[in-house]
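What follows is a set of notes on a single structure, which appears directly below.
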4 protein chains.
Amino acid sequence: MTYQHILDACGLTAAETTGGTLSVTTPVDGSEIARVPMHSVADAEAAIAKGVEAFEAWRKVPAPRRGELVRLLGEELRREKENLGRLVSLECGKIYQEGLGEVQEMIDICDFAVGLSRQLYGLTIASERPGHSMRETWHPLGVCGIITAFNFPAAPWCWNAALALVCGDPVIAKPSEKTPLTQLAIQKICDRAMAAFGGDAPEGLIQTLIGERDLGEVLTASRDVALISATGSVPMGKAVAADMSKRLGKTILELGGNNAMIVAPSADLEMAVRAIVFSAVGTAGQRCTSLRRLIVHEDIYDQLIPRLTKVYEGLSIGSPLEAGTLVGPLIDAGAMTAMEKALEQACAEGGTVHGGGRALTDQYPDAAYVAPAIVEMPAQSAIVHTETFAPILYAMKYTDLDAAIAMQNAVPQGLSSCIFSTDLRETEHFLSAQGSDCGIANVNIGPSGAEIGGAFGGEKETGGGRESGSDAWRAYMRRQTSTVNYSRELPLAQGISFEI
Amino acid sequence: MTYQHILDACGLTAAETTGGTLSVTTPVDGSEIARVPMHSVADAEAAIAKGVEAFEAWRKVPAPRRGELVRLLGEELRREKENLGRLVSLECGKIYQEGLGEVQEMIDICDFAVGLSRQLYGLTIASERPGHSMRETWHPLGVCGIITAFNFPAAPWCWNAALALVCGDPVIAKPSEKTPLTQLAIQKICDRAMAAFGGDAPEGLIQTLIGERDLGEVLTASRDVALISATGSVPMGKAVAADMSKRLGKTILELGGNNAMIVAPSADLEMAVRAIVFSAVGTAGQRCTSLRRLIVHEDIYDQLIPRLTKVYEGLSIGSPLEAGTLVGPLIDAGAMTAMEKALEQACAEGGTVHGGGRALTDQYPDAAYVAPAIVEMPAQSAIVHTETFAPILYAMKYTDLDAAIAMQNAVPQGLSSCIFSTDLRETEHFLSAQGSDCGIANVNIGPSGAEIGGAFGGEKETGGGRESGSDAWRAYMRRQTSTVNYSRELPLAQGISFEI
Amino acid sequence: MTYQHILDACGLTAAETTGGTLSVTTPVDGSEIARVPMHSVADAEAAIAKGVEAFEAWRKVPAPRRGELVRLLGEELRREKENLGRLVSLECGKIYQEGLGEVQEMIDICDFAVGLSRQLYGLTIASERPGHSMRETWHPLGVCGIITAFNFPAAPWCWNAALALVCGDPVIAKPSEKTPLTQLAIQKICDRAMAAFGGDAPEGLIQTLIGERDLGEVLTASRDVALISATGSVPMGKAVAADMSKRLGKTILELGGNNAMIVAPSADLEMAVRAIVFSAVGTAGQRCTSLRRLIVHEDIYDQLIPRLTKVYEGLSIGSPLEAGTLVGPLIDAGAMTAMEKALEQACAEGGTVHGGGRALTDQYPDAAYVAPAIVEMPAQSAIVHTETFAPILYAMKYTDLDAAIAMQNAVPQGLSSCIFSTDLRETEHFLSAQGSDCGIANVNIGPSGAEIGGAFGGEKETGGGRESGSDAWRAYMRRQTSTVNYSRELPLAQGISFEI
Amino acid sequence: MTYQHILDACGLTAAETTGGTLSVTTPVDGSEIARVPMHSVADAEAAIAKGVEAFEAWRKVPAPRRGELVRLLGEELRREKENLGRLVSLECGKIYQEGLGEVQEMIDICDFAVGLSRQLYGLTIASERPGHSMRETWHPLGVCGIITAFNFPAAPWCWNAALALVCGDPVIAKPSEKTPLTQLAIQKICDRAMAAFGGDAPEGLIQTLIGERDLGEVLTASRDVALISATGSVPMGKAVAADMSKRLGKTILELGGNNAMIVAPSADLEMAVRAIVFSAVGTAGQRCTSLRRLIVHEDIYDQLIPRLTKVYEGLSIGSPLEAGTLVGPLIDAGAMTAMEKALEQACAEGGTVHGGGRALTDQYPDAAYVAPAIVEMPAQSAIVHTETFAPILYAMKYTDLDAAIAMQNAVPQGLSSCIFSTDLRETEHFLSAQGSDCGIANVNIGPSGAEIGGAFGGEKETGGGRESGSDAWRAYMRRQTSTVNYSRELPLAQGISFEI
């Protein structure tokens with residue numbers, strides 16, 4: 001299948017993929033696969049205006065009916081799973097299996113959102129006043145801007161959009177300028193779902209803006225965008241937060257992670273090895289939940305690390321579109337340079353690097369293939385506190401569990417974390433108030449690869465947002481506390497007396 | 001009872017109330033009632049450090065035991081209700097009945113928080129993987145800074161503190177520099193509760209910082225303060241939000257309101273009049289939930305407004321400490337000036353002012369007593385979009401309910417709102433997704449005087465925070481999503497295949 | 001379309017519909033449409049044994065995967081909506097539109113259940129002991145017997161089965177002996193969904209037992225049937241409850257209703273008339289939620305009743321399979337006799353009957369067509385307290401709302417109720433603790449036709465069960481409260497000291 | 001302190017404790033301590049009538065105000081903790097520490113119920129129809145009968161009553177005829193709380209009926225008793241269930257348990273020994289949650305059992321009122337005989353008995369002191385499947401965890417269970433759908449001594465009821481699903497078309 005076939009299979013037209021000013025290269029071999037027309041600031045403003053109009057209509061559509069649109073979207077995604085998965089793989093370089101996984105997450109969240117559409121539960125609450133009833137209701141919020149990153153060009157949009165749509169909100173996507181094609185393909189799928197849905201899906205309900213940071217800034221600046229859900233780096237998140245603080249707008253921030261695994265003496269090492277490799281090397285270490293730090297009990301360190309380095313040596317590096325490949329390329333040369341600098345710094349800080357060199361330079365001279373690296377560190381030095389978006393795994397020893405947890409919590413990010421142990425006392429301690437300070441804390445599972453049923457997101461510099469399952473949907477709605485007095489009296493709360 | 005007696009009854013000592021650099025005047029007559037020593041920036045930093053230490057200990061104390069401290073606090077408050085209520089009245093100028101009301105709210109939230117201490121419910125969630133269990137747990141967050149405003153010197157602290165304490169968080173109060181005494185008195189009550197509680201309440205669990213804005217800035221700047229809960233003006237809130245965006249810290253913002261009442265033809269006018277007067281005139285119009293805008297159906301406008309102006313004329317203005325007074329003073333001369341300017345602008349924009357002049361100037365030359373004002377406006381002009389912290393009520397006509405709701409929603413703030421109507425279709429429409437855009441929406445109740453059982457807070461420039469009842473407690477905790485693999489397999493979510 | 005075509009379209013085979021001992025006649029014209037083989041008591045016991053085995057396997061399948069089966073079931077139902085709707089209409093005599101409505105409910109509950117499959121939320125709970133964590137989890141329960149009634153041969157099975165399947169429970173259906181064909185057709189649809197689902201749906205997961213009461217008694221007697229969900233008459237429900245009390249098994253009982261509407265002076269009468277007619281006459285008055293009592297304010301009684309009787313006169317009675325028919329036949333001659341007796345008794349108790357005679361006797365001599373009846377009653381006499389499964393509507397006057405509510409609550413059943421009023425004070429009072437005592441209480445909607453998002457069921461002799469939406473799913477699971485001590489201490493709850 | 005002093009300290013008067021027909025003996029020495037007047041069937045009927053009247057008033061009192069009564073009750077209980085704890089000990093024979101524990105549970109549930117009084121949460125639910133709002137509300141239910149057992153004469157009443165009162169329901173207690181005094185003392189405490197509460201607590205809100213089974217039957221027979229919450233034996237529960245099935249009344253059944261502990265190889269044996277002894281011997285083995293079966297891994301059996309038998313030999317048996325006593329008497333001679341018979345049967349079935357004889361026969365010839373018994377059983381034979389209310393602990397070996405769980409689940413009761421293990425895989429498996437089938441499943445805690453924050457109760461013959469924490473309060477309320485149409489249209493659910 002040629003690259004063009006992959007684009008064609010997703011229904012992308014020449015008008016969408018040629019003649020534009022945004023050059024899209026595939027990390028597979030560094031070749032340009034499209035030149036996509038970009039939206040202007042004026043286009044972005046027009047999109048917001050259309051979104052506001054769509055909101056007026058959409059919020060009146062009953063939620064279960066809104067759910068029907070998301071159900072149809074899920075059906076379209078089921079049909080297009082392979083095509084879209086392949087495009088994800090081509091455009092961002094993750095292996096095809098992971099591309100499929102992204103689409104499966106989209107499908108899963110659609111199913112979940114359909115169920116939600118008959119819930120969106122608020123509360124009825126006991127009132128202290130006779131003849132009064134109190135309620136808490138969740139109402140549609142308004143236009144939602146969804147800013148996503150190159151490494152997950154598909155699933156996070158859908159985590160947000162499926163919920164936002166069911167909640168009554170129009171969505172405007174602003175994908176990474178590195179991966180616009182996937183979003184264009186998703187927009188097509190949405191357009192088909194809307195056509196199947198029929199009359200009451202207003203124009204402007206689901207929109208895409210292709211371009212650079214300035215478009216995102218139009219979204220953050222506009223009072224007509226009620227919510228910005230942004231996935232990306234910590235600096236990007238801080239910029240969004242600063243912009244939004246000027247108008248006290250709402251945000252969902254899903255920023256960087258510096259995710260660790262603690263491996264305790266009682267761990268099933270076989271299982272740990274599999275988990276480590278998948279979570280450190282998957283998506284070439286470019287997941288926000290990638291495993292970056294390995295904190296190993298001293299008693300098993302010498303067993304585990306050699307086993308790992310051996311597995312690392314055998315990992316098949318290659319085109320993510322080919323079956324059997326486990327490690328695809330980095331997104332671009334910049335990422336490779338960042339990785340090299342990080343490894344240099346790690347050495348300077350006393351680390352011993354295994355692997356980590358460039359790979360397939362002959363075969364793909366314009367691509368950024370690397371061998372994943374394990375770096376044994378004498379301590380959790382400066383570089384280890386930094387998130388480098390590449391397959392570098394820092395390995396360190398620990399003696400005492402509380403010290404290991406303190407190491408795990410010492411970084412500024414707070415996304416994901418895990419422990420491998422079969423000792424209940426250790427695992428529950430790790431999950432307790434005194435354990436991991438991350439939004440995600442797993443036991444005998446790597447830090448990446450969350451199910452959509454739980455709330456996804458992290459603490460501290462990760463930004464505090466939550467997406468996907470549990471009650472993450474509430475971020476896309478506004479809460480109304482209402483008390484109805486149906487009596488003929490007007491008692492005041494707290495028994496205040498005020499007689500005019 | 002002399003002012004000194006009021007201070008004494010609250011146990012305030014000479015060391016606390018004399019010799020300091022912060023002059024505290026009572027709005028009752030403008031006289032100085034204390035000179036309170038101020039904390040330095042270094043004191044604030046030390047307090048944070050003590051708070052962090054307290055957190056280490058407090059988060060280990062089981063929540064129901066933490067609830068016991070809050071129960072004891074509630075018991076102390078019951079005992080001190082009259083004393084503290086009188087101090088509130090003296091220091092911020094609200095009538096004694098409302099001072100008691102504040103203390104009652106403190107008591108109510110303590111009772112509520114005690115119950116919560118055996119809940120703090122997270123979820124268990126169905127996992128898609130065999131041999132896996134998924135949980136969502138809420139853990140203590142860290143030190144909470146509580147910044148409060150002069151108009152509610154007591155209750156909001158307790159809304160925050162009672163929940164934060166039960167949730168496992170130490171609290172540091174930063175009251176308005178206009179009303180430090182109430183907070184000092186509360187600190188004493190807390191100290192007694194902690195003494196009664198015994199050993200496992202760590203030092204530094206409940207602290208107070210007296211001073212100006214720079215102390216607040218120490219709190220917002222410190223990574224060791226996990227949450228800032230701030231009550232006050234929109235500009236203050238934006239400043240806090242901007243500061244916190246730099247470190248992606250958590251906030252609860254309870255900012256200004258510009259609260260309206262729609263009075264429909266079917267309204268019980270007798271009841272409406274009582275509600276209007278209490279909510280427009282209570283606390284001399286200085287509640288964030290004060291009624292500021294009256295949107296009256298044209299068919300009843302000429303019935304309602306004359307009735308209201310007549311009641312306004314008869315309102316007893318006077319010392320808030322005296323029984324029978326319904327309207328106390330504004331907080332200070334600045335507030336009076338702001339009121340006068342607003343009334344001037346209203347006139348310039350076509351308004352007709354009833355009342356609104358200075359009052360009791362002979363009796364209290366140094367205080368800021370005013371007659372509450374009703375201003376009939378031809379339209380919702382610029383001044384009506386502005387929150388003036390004074391007893392000004394703008395009255396306007398409407399013809400069509402949807403237009404009235406649009407007027408109600410046209411202001412930048414989104415705190416509280418209400419409709420008086422007995423027509424179900426109108427009232428439910430007002431509460432629906434197409435109705436009020438405020439955090440609080442009442443029917444046949446004024447906008448002020450919420451029960452503690454509901455979540456309190458507002459949308460848009462009001463800041464989006466929620467305090468008090470419902471699940472507002474979750475803002476004081478961090479959410480952890482955890483998945484435990486207790487099987488001997490390592491299946492990946494979304495059915496991804498990754499075989500090393 | 002011949003009757004045989006309708007059976008064929010549902011895939012029913014000659015083996016299933018001929019040669020058996022259970023004669024199935026269609027109420028459309030009283031002709032026999034099938035002779036269905038009946039299961040024996042031994043078959044029922046074998047089915048239970050198979051169900052137990054299926055349970056062992058199914059409870060291990062993760063809930064979201066179980067949800068996938070229900071999603072596939074929903075897809076099959078979408079495909080078969082018209083075919084199955086027509087069979088429902090043919091077999092139980094409700095009009096085709098209502099037959100379609102039943103299938104739509106099945107589809108809706110499937111969508112809802114799919115969403116639930118990633119929830120099934122339990123709680124994590126704050127423990128009073130250090131180093132302890134407390135959880136509440138919901139686990140699969142076991143085999144569920146689903147006993148349904150002739151008047152809803154399709155939807156209630158699915159309300160139960162979709163939830164039970166997602167909850168991890170095998171289901172055994174025992175439909176009414178009057179309407180076995182619909183269940184047989186549903187079983188076929190399930191078999192297809194299971195085939196599409198693939199390997200991990202165990203044999204015996206979804207089963208059907210065709211026969212009479214003795215089969216139901218096998219289900220109620222067996223300890224291996226964890227739950228009986230039974231829809232039907234109050235005497236049936238009491239018999240099931242008595243049987244189950246011997247083994248303390250779980251039940252969901254959905255029994256009779258004697259549902260009233262209060263029409264207040266402020267009601268929108270146009271709307272009320274439509275609601276009354278649909279809910280009194282729909283399914284020929286044979287819904288458990290059919291409107292049976294009309295309690296009309298004296299001021300509008302003389303407006304409403306003549307309007308109603310006029311509409312009743314114009315209702316098209318005829319074959320439920322024909323477009324345009326609004327009133328189909330009663331289920332059988334017994335039902336007609338019961339109706340006639342009730343009308344006689346009503347007359348004897350002072351009632352004035354409008355309509356109510358036999359209809360279409362020439363065209364369908366063997367069927368039980370009747371004209372719906374309105375009976376004006378001087379008081380709520382004995383017959384009005386009785387549920388007669390026929391289109392009889394008793395109309396009575398009221399003066400005072402509380403008296404009307406008392407009338408409404410005076411019957412032994414407590415299923416559904418409603419008020420037509422636009423007066424908020426009346427409507428909220430009706431919904432309050434002092435209002436309707438029914439499980440369902442509507443405002444400006446008839447008593448029938450619930451959405452699947454709410455919990456469906458009633459109080460008092462209606463049996464107290466809840467099905468369908470909200471958290472009705474919990475009835476299909478068992479609740480486990482667990483506390484895990486991960487500390488090295490063994491503190492006792494309540495601070496008990498016990499030193500060995 | 002003489003027995004009379006204990007009665008006096010609780011305020012029991014001569015009129016209450018002398019001259020009646022119900023002889024109350026203390027198990028401490030078998031002496032009669034009171035002759036209590038019994039209520040007649042007519043008294044019971046009158047109490048129900050008073051309860052119904054109280055319900056009319058109480059349901060109108062806002063829930064947070066009802067909570068205030070329960071708060072006051074908690075305060076009274078705090079004051080009376082020692083007095084009431086001592087009476088519990090005297091009357092039912094449990095040691096004073098456990099008597100205090102019961103009162104502490106009463107206090108805890110009061111605190112919890114006060115918090116609930118501002119919750120009693122129902123739901124607001126997304127409706128599928130435009131202009132419709134859907135709600136689920138919980139309303140007061142009616143009079144609750146609370147039937148309790150001798151072994152917990154105090155706490156279970158309060159679990160039920162505190163919740164019922166907050167939920168708006170009057171309560172009528174029917175204590176065991178063996179322990180009426182504790183309930184009389186509680187009634188006095190309630191009367192004081194009601195007096196402190198003031199006017200809106202109606203007479204008849206909290207009542208006590210002293211007598212035998214016939215009084216319970218009045219409660220189960222009356223349609224005016226909405227709920228029977230009964231704690232006691234399985235046969236008692238079946239009788240109640242059968243009675244209630246006749247009128248389809250609601251029940252909460254808390255019946256027998258046959259509770260096991262699995263001790264795995266990785267268990268902390270020191271901790272296990274303490275847990276075993278407290279839960280097998282506490283309340284002299286007469287708790288419904290008493291440990292009755294010990295299922296020990298073969299590898300540690302020979303370590304554990306000798307240690308246990310040694311501890312058993314050293315247990316101090318004596319008057320429960322004396323400090324230092326760990327094992328008090330059985331309730332009466334009947335209990336002792338039952339124990340002896342069980343031990344005989346156990347021997348016959350191959351068991352080896354350690355301990356188990358009569359004790360202190362010289363000192364207390366009329367009392368029923370026994371030495372607790374450990375019985376090593378070759379298999380889980382018939383006697384082991386039976387609940388004998390006495391301190392008999394059957395010990396058995398296991399090889400494989402799944403077999404141990406199967407043994408644990410093989411009994412007809414399903415109350416409480418636990419595992420001692422530090423192996424996460426074992427503990428989570430034990431808590432999973434394939435693990436314990438009990439309502440309570442603990443890890444590294446014995447089966448007895450639940451915290452009030454969780455729902456308490458069991459499955460299978462234990463009766464399925466839940467009391468105490470979590471959402472057990474919902475059993476004391478009725479659920480109302482309501483949909484309000486505030487539009488001018490009348491759409492039907494499921495999109496049904498029905499045009500008259």
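Labels used: A, B, ... for chains in the order of the structure tokens, numbers from 1 for residues in each chain, and numbers from 1 for ligands as shown.
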For A:Gln207, find every residue with an atom within 7 Å (counting only C-alpha atoms), except residues of its own chain fewer than 6 positions away, and show them as a list in words.
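Near neighbours after the sequence-gap exclusion: Val171, Ile172 and Ala173 of chain A.
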Would you mind listing, for every residue of stretch 379-487 of chain B within 12 Å of stretch 429-444 of chain C, the two atoms forming the shortest contact and the distance between them in Å to one decimal, using only C-alpha atoms, sorted by chain and ascending residue number, as JSON lines?
{"residue": "B:Leu424", "atom": "CA", "partner": "C:Val443", "partner_atom": "CA", "distance": 9.7}
{"residue": "B:Arg425", "atom": "CA", "partner": "C:Asn444", "partner_atom": "CA", "distance": 10.3}
{"residue": "B:Glu428", "atom": "CA", "partner": "C:Val443", "partner_atom": "CA", "distance": 11.7}
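The residues of chain C lying at most 6 Å from chain B, with only C-alpha atoms taken into account, are Pro62, Pro64, Arg118, Gln119, Leu120, Tyr121, Gly122, Leu123, Thr124, Ile125, Ala126, Glu128, Arg129, Pro130, Thr422, Asp423 and Leu424 of chain C.
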Using only C-alpha atoms, which protein or nucleic acid residues come within 7 Å of stretch 446-456 of chain B? Drop anything in the same chain fewer than 6 positions from it, and give the result as a PDB file with C-alpha atoms, in the first residue's frame.
ATOM      1  CA  THR A 481     -27.526  24.568  41.895  1.00  0.00           C
ATOM      2  CA  LEU A 492     -34.289  32.324  54.950  1.00  0.00           C
ATOM      3  CA  ALA A 493     -31.470  29.816  55.101  1.00  0.00           C
TER       4      ALA A 493
ATOM      5  CA  GLU B 105     -23.393  28.413  58.313  1.00  0.00           C
ATOM      6  CA  ASP B 108     -23.874  23.630  59.406  1.00  0.00           C
ATOM      7  CA  ILE B 109     -20.835  22.980  57.262  1.00  0.00           C
ATOM      8  CA  ASN B 259     -27.298  38.891  40.188  1.00  0.00           C
ATOM      9  CA  ALA B 275     -37.139  38.499  48.770  1.00  0.00           C
ATOM     10  CA  ILE B 276     -36.063  41.571  46.829  1.00  0.00           C
ATOM     11  CA  SER B 279     -31.376  40.214  48.917  1.00  0.00           C
ATOM     12  CA  THR B 289     -24.966  37.249  45.856  1.00  0.00           C
ATOM     13  CA  SER B 290     -26.719  40.562  46.469  1.00  0.00           C
ATOM     14  CA  LEU B 291     -29.578  41.277  44.149  1.00  0.00           C
ATOM     15  CA  SER B 416     -26.648  33.822  41.165  1.00  0.00           C
ATOM     16  CA  SER B 417     -30.040  34.381  39.610  1.00  0.00           C
ATOM     17  CA  CYS B 418     -33.692  33.824  40.275  1.00  0.00           C
ATOM     18  CA  ARG B 466     -17.584  25.555  43.921  1.00  0.00           C
ATOM     19  CA  GLU B 467     -17.574  25.502  47.702  1.00  0.00           C
ATOM     20  CA  SER B 468     -19.715  24.179  50.524  1.00  0.00           C
ATOM     21  CA  GLY B 469     -22.036  21.240  49.836  1.00  0.00           C
ATOM     22  CA  SER B 470     -22.612  18.603  47.181  1.00  0.00           C
ATOM     23  CA  ALA B 472     -17.355  20.572  46.437  1.00  0.00           C
TER      24      ALA B 472
ATOM     25  CA  ARG D 118     -28.253  17.353  53.904  1.00  0.00           C
ATOM     26  CA  GLN D 119     -27.745  14.750  51.196  1.00  0.00           C
TER      27      GLN D 119
END
Name all residues at most 6 Å from stretch 38-43 of chain C (count only C-alpha atoms; drop same-chain ones fewer than 5 positions away) and give them as a short mmCIF file (atom, residue, chain, number, x, y, z; two decimals) with C-alpha atoms, in the first residue's frame.
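What landed in result_0.cif:
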data_model
loop_
_atom_site.label_atom_id
_atom_site.label_comp_id
_atom_site.auth_asym_id
_atom_site.auth_seq_id
_atom_site.Cartn_x
_atom_site.Cartn_y
_atom_site.Cartn_z
CA ILE C 210 -42.02 -22.04 26.96
CA GLY C 211 -44.82 -23.25 29.15
CA LEU C 215 -42.08 -23.76 34.85
#
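Of note, atom CA of A:Arg59 and atom CA of B:Gly464 are spaced 19.9 Å apart.
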Residue among A:Phe197, A:Phe420, A:Gly99, A:Leu181 lying closest to A:Leu12, counting only C-alpha atoms:
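Looking at the shortest contact to A:Leu12, the residue is A:Leu181.
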Would you list the contacts of stretch 16-21 of chain B as a list of chain:residue names, taking every protein, DNA or RNA residue within 9 Å and counting only C-alpha atoms, but skipping same-chain residues closer than 4 positions in sequence?
B:Leu7, B:Leu12, B:Ile33, B:Ala34, B:Arg35, B:Val36, B:Pro37, B:Met38, B:Leu181, B:Leu184
May I have all residues of stretch 154-197 of chain C that DSSP, computed from the backbone, assigns to strand (DSSP E or B), given as a count of residues only?
4
Contact residues around stretch 141-148 of chain B with only C-alpha atoms at 8 Å, ignoring same-chain residues under 4 positions, as a PyMOL selection string:
chain B and resi 48+51-52+55+152-153+156-157+160-161+164+167-176+216+219+224-232+476-478
Would you mind listing what lies within 10 Å of A:Ile496 as an MDAnalysis selection string, with only C-alpha atoms counted and same-chain residues fewer than 4 positions away left out?
(chainID A and resid 491:492) or (chainID B and resid 96:102 104 449)
Alpha helix (DSSP H) call set, DSSP backbone run, stretch 163-345 of chain D, as a ChimeraX atom specification:
/D:163-167,180-197,213-221,234-247,269-281,298-314,333-345
